[in-house]
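Undergrad: Dropping in data05.pdb, which is PDB, C-alpha atoms:
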```
ATOM      1  CA  MET A 202     209.400 215.837 192.966
ATOM      2  CA  LYS A 203     210.260 214.722 196.504
ATOM      3  CA  ASN A 204     211.342 218.252 197.385
ATOM      4  CA  LYS A 205     208.010 219.573 196.071
ATOM      5  CA  ILE A 206     206.043 217.092 198.221
ATOM      6  CA  LYS A 207     208.097 218.004 201.295
ATOM      7  CA  PHE A 208     207.476 221.687 200.596
ATOM      8  CA  ASN A 209     203.703 221.144 200.330
ATOM      9  CA  LEU A 210     203.662 219.081 203.523
ATOM     10  CA  THR A 211     205.561 221.834 205.302
ATOM     11  CA  ARG A 212     203.015 224.416 204.126
ATOM     12  CA  ILE A 213     200.097 222.226 205.280
ATOM     13  CA  ILE A 214     201.651 221.696 208.732
ATOM     14  CA  ILE A 215     202.304 225.427 209.140
ATOM     15  CA  PHE A 216     198.713 226.192 208.101
ATOM     16  CA  ILE A 217     197.272 223.682 210.619
ATOM     17  CA  LEU A 218     199.456 225.045 213.421
ATOM     18  CA  PHE A 219     198.339 228.579 212.547
ATOM     19  CA  ILE A 220     194.654 227.589 212.719
ATOM     20  CA  CYS A 221     195.114 225.811 216.063
ATOM     21  CA  TYR A 222     196.982 228.771 217.504
ATOM     22  CA  SER A 223     194.295 231.187 216.310
ATOM     23  CA  CYS A 224     191.474 229.106 217.855
ATOM     24  CA  SER A 225     193.379 228.762 221.111
ATOM     25  CA  SER A 226     194.116 232.483 221.205
ATOM     26  CA  GLU A 227     190.449 233.319 220.594
ATOM     27  CA  GLU A 228     189.255 230.979 223.349
ATOM     28  CA  ASN A 229     191.854 232.370 225.749
ATOM     29  CA  ALA A 230     190.807 235.905 224.846
ATOM     30  CA  ILE A 231     187.174 235.080 225.703
ATOM     31  CA  LEU A 232     188.163 233.507 229.018
ATOM     32  CA  GLU A 233     190.476 236.396 229.882
ATOM     33  CA  THR A 234     187.751 238.888 229.012
ATOM     34  CA  GLU A 235     185.267 237.057 231.229
ATOM     35  CA  GLU A 236     187.746 236.943 234.092
ATOM     36  CA  SER A 237     188.728 240.582 233.707
ATOM     37  CA  ILE A 238     185.169 241.932 233.925
ATOM     38  CA  GLU A 239     184.957 244.257 236.892
ATOM     39  CA  ILE A 240     181.485 243.780 238.327
ATOM     40  CA  PRO A 241     180.303 246.564 240.637
ATOM     41  CA  THR A 242     178.997 245.525 244.048
ATOM     42  CA  LEU A 243     176.126 246.848 246.114
ATOM     43  CA  THR A 244     175.620 246.933 249.865
ATOM     44  CA  PRO A 245     172.818 244.504 250.805
ATOM     45  CA  LYS A 246     169.852 246.406 252.246
ATOM     46  CA  THR A 247     166.096 246.825 251.980
ATOM     47  CA  LEU A 248     165.428 249.816 249.732
ATOM     48  CA  ALA A 249     161.665 250.056 250.198
ATOM     49  CA  THR A 250     158.634 248.154 251.467
ATOM     50  CA  ILE A 251     155.278 248.854 249.817
ATOM     51  CA  SER A 252     151.896 247.712 251.142
ATOM     52  CA  LEU A 253     148.855 247.083 248.948
ATOM     53  CA  PRO A 254     145.252 247.304 250.232
ATOM     54  CA  SER A 255     144.845 243.568 249.509
ATOM     55  CA  GLY A 256     147.506 242.763 252.093
ATOM     56  CA  THR A 257     150.184 241.992 249.504
ATOM     57  CA  THR A 258     153.624 243.181 250.602
ATOM     58  CA  ILE A 259     156.262 244.277 248.091
ATOM     59  CA  ILE A 260     159.959 244.564 248.929
ATOM     60  CA  PHE A 261     162.747 246.119 246.862
ATOM     61  CA  LYS A 262     166.196 245.162 248.130
ATOM     62  CA  THR A 263     169.814 245.117 247.014
ATOM     63  CA  GLU A 264     172.159 242.154 247.135
ATOM     64  CA  VAL A 265     175.869 242.335 246.359
ATOM     65  CA  ASP A 266     175.380 241.381 242.708
ATOM     66  CA  GLY A 267     171.968 242.836 241.846
ATOM     67  CA  ILE A 268     168.547 244.075 242.901
ATOM     68  CA  VAL A 269     165.493 242.038 243.915
ATOM     69  CA  PHE A 270     161.735 242.651 243.733
ATOM     70  CA  GLU A 271     159.564 240.355 245.865
ATOM     71  CA  ALA A 272     155.792 240.369 246.336
ATOM     72  CA  SER A 273     153.974 238.068 248.745
ATOM     73  CA  GLY A 274     150.239 237.766 249.266
ATOM     74  CA  ASP A 275     147.122 235.603 249.169
ATOM     75  CA  SER A 276     146.488 233.387 246.160
ATOM     76  CA  ASP A 277     143.194 235.157 245.431
ATOM     77  CA  ASN A 278     145.191 238.316 244.623
ATOM     78  CA  PHE A 279     147.669 236.552 242.353
ATOM     79  CA  GLY A 280     146.843 238.674 239.299
ATOM     80  CA  GLU A 281     146.774 242.125 240.869
ATOM     81  CA  LEU A 282     150.371 242.924 239.849
ATOM     82  CA  ASP A 283     150.109 241.711 236.255
ATOM     83  CA  GLY A 284     150.440 245.312 235.083
ATOM     84  CA  LEU A 285     154.076 245.274 236.272
ATOM     85  CA  ASN A 286     155.158 242.155 234.368
ATOM     86  CA  ASP A 287     157.061 243.870 231.562
ATOM     87  CA  LEU A 288     158.497 246.761 233.588
ATOM     88  CA  SER A 289     162.059 247.187 234.837
ATOM     89  CA  LEU A 290     162.628 247.344 238.590
ATOM     90  CA  LEU A 291     162.913 251.127 238.599
ATOM     91  CA  ASP A 292     159.779 251.487 236.468
ATOM     92  CA  ARG A 293     157.939 249.165 238.872
ATOM     93  CA  PHE A 294     158.838 251.437 241.778
ATOM     94  CA  LEU A 295     157.755 254.556 239.888
ATOM     95  CA  THR A 296     154.465 252.909 238.935
ATOM     96  CA  LEU A 297     153.767 251.680 242.457
ATOM     97  CA  THR A 298     154.439 254.974 244.232
ATOM     98  CA  ASP A 299     153.194 258.553 244.163
ATOM     99  CA  LYS A 300     155.356 261.232 242.538
ATOM    100  CA  SER A 301     156.058 262.686 245.983
ATOM    101  CA  ILE A 302     157.929 259.496 247.033
ATOM    102  CA  ALA A 303     161.724 259.667 246.740
ATOM    103  CA  VAL A 304     163.526 257.034 244.651
ATOM    104  CA  PRO A 305     166.262 254.776 246.099
ATOM    105  CA  ALA A 306     169.540 255.538 244.335
ATOM    106  CA  ASP A 307     170.433 251.877 243.747
ATOM    107  CA  LEU A 308     167.343 251.397 241.577
ATOM    108  CA  ILE A 309     168.580 254.156 239.303
ATOM    109  CA  LYS A 310     172.076 252.607 239.077
ATOM    110  CA  LEU A 311     170.733 249.450 237.449
ATOM    111  CA  GLU A 312     168.324 251.115 235.005
ATOM    112  CA  GLU A 313     169.394 251.063 231.356
ATOM    113  CA  ASP A 314     166.483 252.996 229.832
ATOM    114  CA  GLN A 315     167.488 256.665 229.839
ATOM    115  CA  LYS A 316     163.874 257.900 229.660
ATOM    116  CA  ILE A 317     162.945 255.968 232.808
ATOM    117  CA  LYS A 318     166.062 257.309 234.528
ATOM    118  CA  GLU A 319     165.115 260.871 233.617
ATOM    119  CA  LYS A 320     161.615 260.284 234.964
ATOM    120  CA  ALA A 321     163.067 259.020 238.262
ATOM    121  CA  LEU A 322     165.486 261.958 238.557
ATOM    122  CA  GLN A 323     162.541 264.345 238.631
ATOM    123  CA  ARG A 324     161.898 263.074 242.167
ATOM    124  CA  ASP A 325     164.048 263.304 245.280
ATOM    125  CA  ILE A 326     166.712 260.604 245.721
ATOM    126  CA  VAL A 327     167.276 258.628 248.940
ATOM    127  CA  GLU A 328     169.485 255.733 250.012
ATOM    128  CA  LYS A 329     166.486 253.763 251.324
ATOM    129  CA  HIS A 330     163.060 254.175 252.897
ATOM    130  CA  HIS A 331     162.856 253.351 256.597
ATOM    131  CA  MET A 332     159.038 253.224 256.784
ATOM    132  CA  SER A 333     156.545 251.195 254.747
ATOM    133  CA  ILE A 334     155.109 253.113 251.776
ATOM    134  CA  PRO A 335     151.413 252.942 250.809
ATOM    135  CA  ALA A 336     150.962 251.895 247.188
ATOM    136  CA  ASN A 337     149.580 254.053 244.429
ATOM    137  CA  THR A 338     146.941 251.579 243.233
ATOM    138  CA  SER A 339     145.730 253.512 240.203
ATOM    139  CA  PHE A 340     147.624 251.076 237.941
ATOM    140  CA  ILE A 341     145.541 248.146 239.246
ATOM    141  CA  THR A 342     142.596 248.213 236.871
ATOM    142  CA  HIS A 343     141.391 244.690 237.648
ATOM    143  CA  SER A 344     142.478 241.555 239.452
ATOM    144  CA  GLU A 345     142.948 238.723 236.992
ATOM    145  CA  LYS A 346     142.238 235.439 238.752
ATOM    146  CA  ASN A 347     142.233 233.334 235.605
ATOM    147  CA  TRP A 348     145.556 231.757 236.637
ATOM    148  CA  LEU A 349     143.842 230.048 239.548
ATOM    149  CA  GLY A 350     141.454 228.386 237.107
ATOM    150  CA  TYR A 351     144.363 226.099 236.230
ATOM    151  CA  CYS A 352     144.803 224.849 239.787
ATOM    152  CA  ASP A 353     142.683 221.727 239.284
ATOM    153  CA  SER A 354     143.984 221.044 235.785
ATOM    154  CA  PRO A 355     146.055 217.989 234.870
ATOM    155  CA  THR A 356     149.824 218.201 235.246
ATOM    156  CA  ALA A 357     151.369 220.200 232.413
ATOM    157  CA  MET A 358     154.444 222.179 231.403
ATOM    158  CA  TYR A 359     154.572 224.553 228.447
ATOM    159  CA  VAL A 360     157.547 226.285 226.856
ATOM    160  CA  ILE A 361     156.517 229.638 225.431
ATOM    161  CA  ASN A 362     158.636 231.636 222.991
ATOM    162  CA  LEU A 363     158.286 235.246 224.090
ATOM    163  CA  GLY A 364     160.781 236.618 221.600
ATOM    164  CA  ASN A 365     162.573 239.785 222.695
ATOM    165  CA  ASP A 366     165.454 237.798 224.137
ATOM    166  CA  ALA A 367     163.446 235.796 226.684
ATOM    167  CA  TYR A 368     162.671 232.183 227.575
ATOM    168  CA  ARG A 369     159.537 231.171 229.515
ATOM    169  CA  GLU A 370     158.217 227.997 231.104
ATOM    170  CA  PHE A 371     154.650 227.715 232.433
ATOM    171  CA  TRP A 372     153.686 224.956 234.887
ATOM    172  CA  VAL A 373     150.477 223.489 236.242
ATOM    173  CA  ASN A 374     150.825 220.998 239.095
ATOM    174  CA  TYR A 375     154.136 219.866 237.629
ATOM    175  CA  PRO A 376     156.316 217.468 239.662
ATOM    176  CA  SER A 377     159.610 218.637 241.109
ATOM    177  CA  THR A 378     161.474 220.286 238.263
ATOM    178  CA  GLN A 379     164.555 222.271 237.332
ATOM    179  CA  THR A 380     164.639 224.913 234.644
ATOM    180  CA  PHE A 381     167.747 226.582 233.222
ATOM    181  CA  SER A 382     168.533 229.833 231.444
ATOM    182  CA  GLN A 383     170.534 227.885 228.863
ATOM    183  CA  ASN A 384     167.326 226.138 227.737
ATOM    184  CA  LYS A 385     166.837 229.158 225.492
ATOM    185  CA  PRO A 386     167.341 227.813 221.973
ATOM    186  CA  GLY A 387     169.676 229.210 219.368
ATOM    187  CA  ALA A 388     172.245 230.924 221.597
ATOM    188  CA  LEU A 389     175.951 230.091 221.749
ATOM    189  CA  TYR A 390     176.192 231.092 225.396
ATOM    190  CA  THR A 391     173.024 231.783 227.328
ATOM    191  CA  LYS A 392     173.938 233.696 230.420
ATOM    192  CA  CYS A 393     171.229 236.182 231.345
ATOM    193  CA  ARG A 394     170.822 239.066 233.745
ATOM    194  CA  THR A 395     167.179 238.825 234.802
ATOM    195  CA  VAL A 396     165.198 235.964 236.370
ATOM    196  CA  LYS A 397     161.473 236.164 237.169
ATOM    197  CA  TYR A 398     159.031 233.691 238.608
ATOM    198  CA  ARG A 399     155.395 233.853 239.727
ATOM    199  CA  ILE A 400     153.972 230.913 241.648
ATOM    200  CA  SER A 401     150.742 230.441 243.577
ATOM    201  CA  ASN A 402     150.188 227.569 245.991
ATOM    202  CA  CYS A 403     146.588 226.584 245.198
ATOM    203  CA  SER A 404     146.127 224.086 248.019
ATOM    204  CA  TYR A 405     144.310 224.778 251.255
ATOM    205  CA  ASN A 406     145.952 222.022 253.283
ATOM    206  CA  GLY A 407     148.901 220.894 251.152
ATOM    207  CA  SER A 408     152.620 221.273 251.729
ATOM    208  CA  ASN A 409     154.774 224.330 251.095
ATOM    209  CA  ILE A 410     156.230 224.848 247.634
ATOM    210  CA  GLU A 411     160.003 225.371 247.712
ATOM    211  CA  ILE A 412     161.753 227.455 245.049
ATOM    212  CA  SER A 413     165.540 227.759 244.952
ATOM    213  CA  HIS A 414     167.336 230.167 242.612
ATOM    214  CA  TYR A 415     170.944 229.369 241.665
ATOM    215  CA  LYS A 416     173.594 231.149 239.606
ATOM    216  CA  GLY A 417     176.638 229.619 237.951
ATOM    217  CA  SER A 418     179.752 230.874 236.215
ATOM    218  CA  THR A 419     179.663 227.598 234.252
ATOM    219  CA  SER A 420     176.698 225.551 233.068
ATOM    220  CA  SER A 421     177.385 222.803 235.617
ATOM    221  CA  LEU A 422     178.537 224.537 238.822
ATOM    222  CA  TYR A 423     175.957 226.613 240.688
ATOM    223  CA  THR A 424     175.700 228.472 243.998
ATOM    224  CA  LEU A 425     172.469 229.293 245.823
ATOM    225  CA  VAL A 426     171.150 232.838 245.341
ATOM    226  CA  SER A 427     167.866 232.637 247.243
ATOM    227  CA  LYS A 428     165.343 230.186 248.614
ATOM    228  CA  ASN A 429     161.624 230.894 249.019
ATOM    229  CA  SER A 430     158.898 228.814 250.640
ATOM    230  CA  ILE A 431     155.273 229.419 249.628
ATOM    231  CA  ARG A 432     152.611 228.318 252.093
ATOM    232  CA  PRO A 433     149.174 226.998 251.033
ATOM    233  CA  ARG A 434     146.889 229.672 249.490
ATOM    234  CA  LYS A 435     149.789 232.127 249.184
ATOM    235  CA  HIS A 436     151.666 233.447 246.175
ATOM    236  CA  LYS A 437     155.158 234.765 245.530
ATOM    237  CA  ILE A 438     156.455 236.984 242.739
ATOM    238  CA  TYR A 439     160.236 237.213 242.508
ATOM    239  CA  VAL A 440     162.457 239.184 240.144
ATOM    240  CA  LYS A 441     166.216 239.519 240.332
ATOM    241  CA  SER A 442     168.206 241.645 237.918
ATOM    242  CA  PHE A 443     171.979 241.198 238.056
ATOM    243  CA  LEU A 444     174.602 243.894 237.531
ATOM    244  CA  ALA A 445     176.452 241.981 234.793
ATOM    245  CA  TYR A 446     175.995 239.302 232.136
ATOM    246  CA  LYS A 447     178.056 236.772 234.072
ATOM    247  CA  TYR A 448     175.841 233.933 235.256
ATOM    248  CA  TYR A 449     173.916 230.932 234.055
ATOM    249  CA  GLN A 450     170.634 230.738 235.981
ATOM    250  CA  LYS A 451     168.717 227.789 237.409
ATOM    251  CA  LEU A 452     165.422 227.423 239.286
ATOM    252  CA  ASP A 453     164.620 224.316 241.307
ATOM    253  CA  ILE A 454     160.914 223.885 242.167
ATOM    254  CA  LYS A 455     159.630 221.256 244.602
ATOM    255  CA  ARG A 456     155.836 221.074 244.765
ATOM    256  CA  GLY A 457     155.379 218.463 247.497
ATOM    257  CA  THR A 458     151.700 217.518 247.851
ATOM    258  CA  SER A 459     150.335 220.913 246.805
ATOM    259  CA  SER A 460     148.666 221.903 243.571
ATOM    260  CA  TYR A 461     150.094 225.035 242.061
ATOM    261  CA  VAL A 462     150.309 227.256 239.002
ATOM    262  CA  GLY A 463     153.172 229.485 237.913
ATOM    263  CA  ASP A 464     155.806 230.456 235.406
ATOM    264  CA  ALA A 465     159.465 231.416 235.120
ATOM    265  CA  ILE A 466     161.062 233.828 232.667
ATOM    266  CA  PHE A 467     164.769 234.201 231.921
ATOM    267  CA  SER A 468     165.547 237.402 230.028
ATOM    268  CA  ASN A 469     168.137 240.025 229.145
ATOM    269  CA  TYR A 470     170.596 237.646 227.504
ATOM    270  CA  THR A 471     173.916 238.405 225.865
ATOM    271  CA  SER A 472     176.024 236.322 223.489
ATOM    272  CA  LEU A 473     179.292 234.888 224.847
ATOM    273  CA  GLY A 474     178.178 235.760 228.375
ATOM    274  CA  LEU A 475     180.167 239.001 228.324
ATOM    275  CA  ASP A 476     179.318 242.577 229.242
ATOM    276  CA  GLN A 477     178.350 244.799 226.348
TER     277      GLN A 477
END
```
Show this structure as structure tokens.
TA:
Amino acid sequence: MKNKIKFNLTRIIIFILFICYSCSSEENAILETEESIEIPTLTPKTLATISLPSGTTIIFKTEVDGIVFEASGDSDNFGELDGLNDLSLLDRFLTLTDKSIAVPADLIKLEEDQKIKEKALQRDIVEKHHMSIPANTSFITHSEKNWLGYCDSPTAMYVINLGNDAYREFWVNYPSTQTFSQNKPGALYTKCRTVKYRISNCSYNGSNIEISHYKGSTSSLYTLVSKNSIRPRKHKIYVKSFLAYKYYQKLDIKRGTSSYVGDAIFSNYTSLGLDQ
């Protein structure tokens, strides 16, 4: 009987050790895979500058780890680019420019939709544009100013479930706040590749609104990606799409004394934070 008990105990100990080893091996495999990802790098440069009749200026530029779209203009024109909201960076460029305008090669590198790539490859390809490009404004059917109707509203923050692998927060005159990509519910790891925000400073004589974008390889350690300051009665639209699923994302918004309206969207997630 004693021998039988010893035998069973031995089997239980072996089983527990096997489980522990398996879990440890799996965790190590995930870490090793994350560390072994070879992320391509880009040479930082301005790819194109596009001017709208309203005075809004749009810039496409590369950074070492991704590509950025920025639009800056007056608050009254905050809604004029709403038609671009759901488009990729390459599709934004194609929509904003005439078919005779060459496409920067780096925009094509990041595009994952083959149909959009094929559309771009029908044009000439350049490294970058040295002169400002006039916008093709046929896509602007109307200027939605309904956002600015919120400027005098009480302080509020809404979380909106967009589906399609995205997390959105909408703010009205909200105090200084931080929002994180890992706020997206139901994901084991919530590293994402694309960060967007649209903010308009509603005040005429208030302070600047400061927005800082951070990335982190862990959910607690972040480094600064960019910092934007929005003056009174100005707006900023910012999109950055990274080359790999490697980073947690964080936005830090300081409103100061200004009233404002805006939103942030984190999208293009992957489970386990690994390339697919």
Undergrad: Carefully work through the PyMOL selection byres ((chain A and resi 450) around 9) for this structure and note down the residues it includes, as number ranges by chain.
TA: A: 380-383, 392-396, 414-417, 420, 423, 448-449, 451-452, 467
Undergrad: Counting only C-alpha atoms, which of A:Ile431, A:Asp325, A:Asn374, A:Thr424 gets nearest to A:Thr458?
TA: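 When distances to A:Thr458 are compared using only C-alpha atoms, the smallest one comes from A:Asn374.
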Undergrad: Can you give me, as a PDB file with C-alpha atoms, keeping the file's coordinate frame, the residues this file yields under the PyMOL selection byres ((chain A and resi 434) around 7)?
TA:
```pdb
ATOM      1  CA  ASP A 275     147.122 235.603 249.169  1.00  0.00           C
ATOM      2  CA  SER A 276     146.488 233.387 246.160  1.00  0.00           C
ATOM      3  CA  ASN A 402     150.188 227.569 245.991  1.00  0.00           C
ATOM      4  CA  CYS A 403     146.588 226.584 245.198  1.00  0.00           C
ATOM      5  CA  SER A 404     146.127 224.086 248.019  1.00  0.00           C
ATOM      6  CA  TYR A 405     144.310 224.778 251.255  1.00  0.00           C
ATOM      7  CA  ARG A 432     152.611 228.318 252.093  1.00  0.00           C
ATOM      8  CA  PRO A 433     149.174 226.998 251.033  1.00  0.00           C
ATOM      9  CA  LYS A 435     149.789 232.127 249.184  1.00  0.00           C
ATOM     10  CA  HIS A 436     151.666 233.447 246.175  1.00  0.00           C
TER      11      HIS A 436
END
```
Undergrad: As lines of an AutoDock Vina configuration file, please: the centre and edge lengths in Å, to one decimal, of an axis-aligned box enclosing every listed atom of stretch 391-394 of chain A with 4 Å added on each side.
TA:
```
center_x = 172.4
center_y = 235.4
center_z = 230.5
size_x = 11.1
size_y = 15.3
size_z = 14.4
```
Undergrad: Take the PyMOL selection byres ((chain A and resi 295) around 12), apply it to the structure above, and return the hits as number ranges by chain.
TA: A: 249, 251, 285, 288-294, 296-305, 308-309, 317-324, 336-338, 340
Undergrad: Using all atoms listed in the file, can you list as a PyMOL selection string the residues within 9 Å of (145.3, 228.2, 242.3)?
TA: chain A and resi 276-277+279+346-353+401-404+434+460-462
Undergrad: For a quick check of understanding, using all atoms listed in the file, which of A:Lys447, A:Lys262, A:Arg456, A:Lys246 has the smallest distance to A:Trp372?
TA: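 Once distances to A:Trp372 are computed over all atoms listed in the file, the minimum belongs to A:Arg456.
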Undergrad: Residues of stretch 404-466 of chain A within 8 Å of stretch 397-400 of chain A: nearest atom pair and distance (Å, one decimal) for each, counting only C-alpha atoms, sorted by chain and number, as CSV?
TA:
```
residue,atom,partner,partner_atom,distance
A:His436,CA,A:Ile400,CA,5.7
A:Lys437,CA,A:Ile400,CA,5.6
A:Ile438,CA,A:Arg399,CA,4.5
A:Tyr439,CA,A:Tyr398,CA,5.4
A:Val440,CA,A:Lys397,CA,4.4
A:Lys441,CA,A:Lys397,CA,6.6
A:Tyr461,CA,A:Ile400,CA,7.1
A:Val462,CA,A:Ile400,CA,5.8
A:Gly463,CA,A:Ile400,CA,4.1
A:Asp464,CA,A:Arg399,CA,5.5
A:Ala465,CA,A:Tyr398,CA,4.2
A:Ile466,CA,A:Lys397,CA,5.1
```
Undergrad: Would you mind telling me which residue in A:Ser333, A:Asn286, A:Asn469, A:Ser408 lies nearest to A:Thr391 when using all atoms listed in the file?
TA: A:Asn469
Undergrad: I'd like the interatomic distance between atom CA of A:Thr356 and atom CA of A:Asn384, to a tenth of an Å.
TA: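 Pair atom CA of A:Thr356 / atom CA of A:Asn384 returns 20.6 Å.
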Undergrad: Here is a test: counting only C-alpha atoms, which residue of A:Ile412, A:Ile259, A:Ile268, A:Leu425 is nearest to A:Asp453?
TA: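 Using only C-alpha atoms, the shortest distance to A:Asp453 belongs to A:Ile412.
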Undergrad: What gap, in Å, lies between atom CA of A:Ala357 and atom CA of A:Ser459?
TA: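 Separating atom CA of A:Ala357 from atom CA of A:Ser459 is a distance of 14.4 Å.
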Undergrad: Could you tell me how far atom CA of A:Lys455 sits from atom CA of A:Pro386, in Å to one decimal place?
TA: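 Between atom CA of A:Pro386 and atom CA of A:Lys455 the gap is 24.8 Å.
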Undergrad: Rank A:Val360, A:Ile454, A:Ala445, A:Met332 by their smallest atom-to-atom distance to A:Asn429, using all atoms listed in the file, and report the top residue only.
TA: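 Residue with the minimum atom-to-atom distance to A:Asn429: A:Ile454.
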Undergrad: Taking the block just given, write stretch 418-472 of chain A to a file that holds C-alpha atoms, as a CSV table (one decimal), in the first residue's frame.
TA:
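Below you can see out.csv, which holds the result:
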```
chain,number,residue,atom,x,y,z
A,418,SER,CA,6.9,47.8,-25.3
A,419,THR,CA,5.3,47.1,-21.9
A,420,SER,CA,2.0,48.5,-20.5
A,421,SER,CA,3.9,50.6,-17.9
A,422,LEU,CA,7.0,51.9,-19.6
A,423,TYR,CA,6.5,54.5,-22.4
A,424,THR,CA,8.6,56.8,-24.6
A,425,LEU,CA,7.4,60.0,-26.3
A,426,VAL,CA,6.5,59.6,-29.9
A,427,SER,CA,5.2,63.1,-30.6
A,428,LYS,CA,3.9,66.3,-28.9
A,429,ASN,CA,1.4,68.7,-30.5
A,430,SER,CA,0.2,72.1,-29.2
A,431,ILE,CA,-3.1,73.4,-30.5
A,432,ARG,CA,-3.7,77.1,-30.2
A,433,PRO,CA,-7.1,78.7,-29.6
A,434,ARG,CA,-9.6,78.4,-32.5
A,435,LYS,CA,-7.3,75.8,-34.2
A,436,HIS,CA,-7.7,72.1,-34.8
A,437,LYS,CA,-5.3,69.2,-35.3
A,438,ILE,CA,-5.9,65.8,-36.9
A,439,TYR,CA,-3.1,63.3,-36.3
A,440,VAL,CA,-2.8,59.7,-37.5
A,441,LYS,CA,0.2,57.4,-37.0
A,442,SER,CA,0.4,53.9,-38.4
A,443,PHE,CA,3.3,51.8,-37.2
A,444,LEU,CA,5.2,49.2,-39.2
A,445,ALA,CA,4.7,46.4,-36.6
A,446,TYR,CA,2.3,45.3,-33.9
A,447,LYS,CA,4.9,46.0,-31.2
A,448,TYR,CA,3.7,48.9,-29.0
A,449,TYR,CA,1.1,49.8,-26.4
A,450,GLN,CA,-0.1,53.3,-27.1
A,451,LYS,CA,-1.0,56.2,-24.8
A,452,LEU,CA,-2.3,59.7,-25.3
A,453,ASP,CA,-1.9,62.4,-22.7
A,454,ILE,CA,-4.2,65.4,-23.1
A,455,LYS,CA,-3.9,68.6,-21.1
A,456,ARG,CA,-6.7,71.1,-21.8
A,457,GLY,CA,-5.6,74.1,-19.6
A,458,THR,CA,-8.2,76.8,-19.5
A,459,SER,CA,-9.6,76.1,-23.0
A,460,SER,CA,-12.8,74.5,-24.0
A,461,TYR,CA,-12.4,71.8,-26.6
A,462,VAL,CA,-14.0,68.8,-28.4
A,463,GLY,CA,-12.3,65.8,-29.8
A,464,ASP,CA,-11.8,62.0,-30.0
A,465,ALA,CA,-9.1,59.4,-30.1
A,466,ILE,CA,-9.2,56.0,-31.8
A,467,PHE,CA,-6.8,53.1,-31.3
A,468,SER,CA,-7.1,50.5,-34.1
A,469,ASN,CA,-5.5,47.7,-36.0
A,470,TYR,CA,-4.9,45.4,-33.0
A,471,THR,CA,-3.4,42.0,-32.8
A,472,SER,CA,-3.5,39.3,-30.1
```
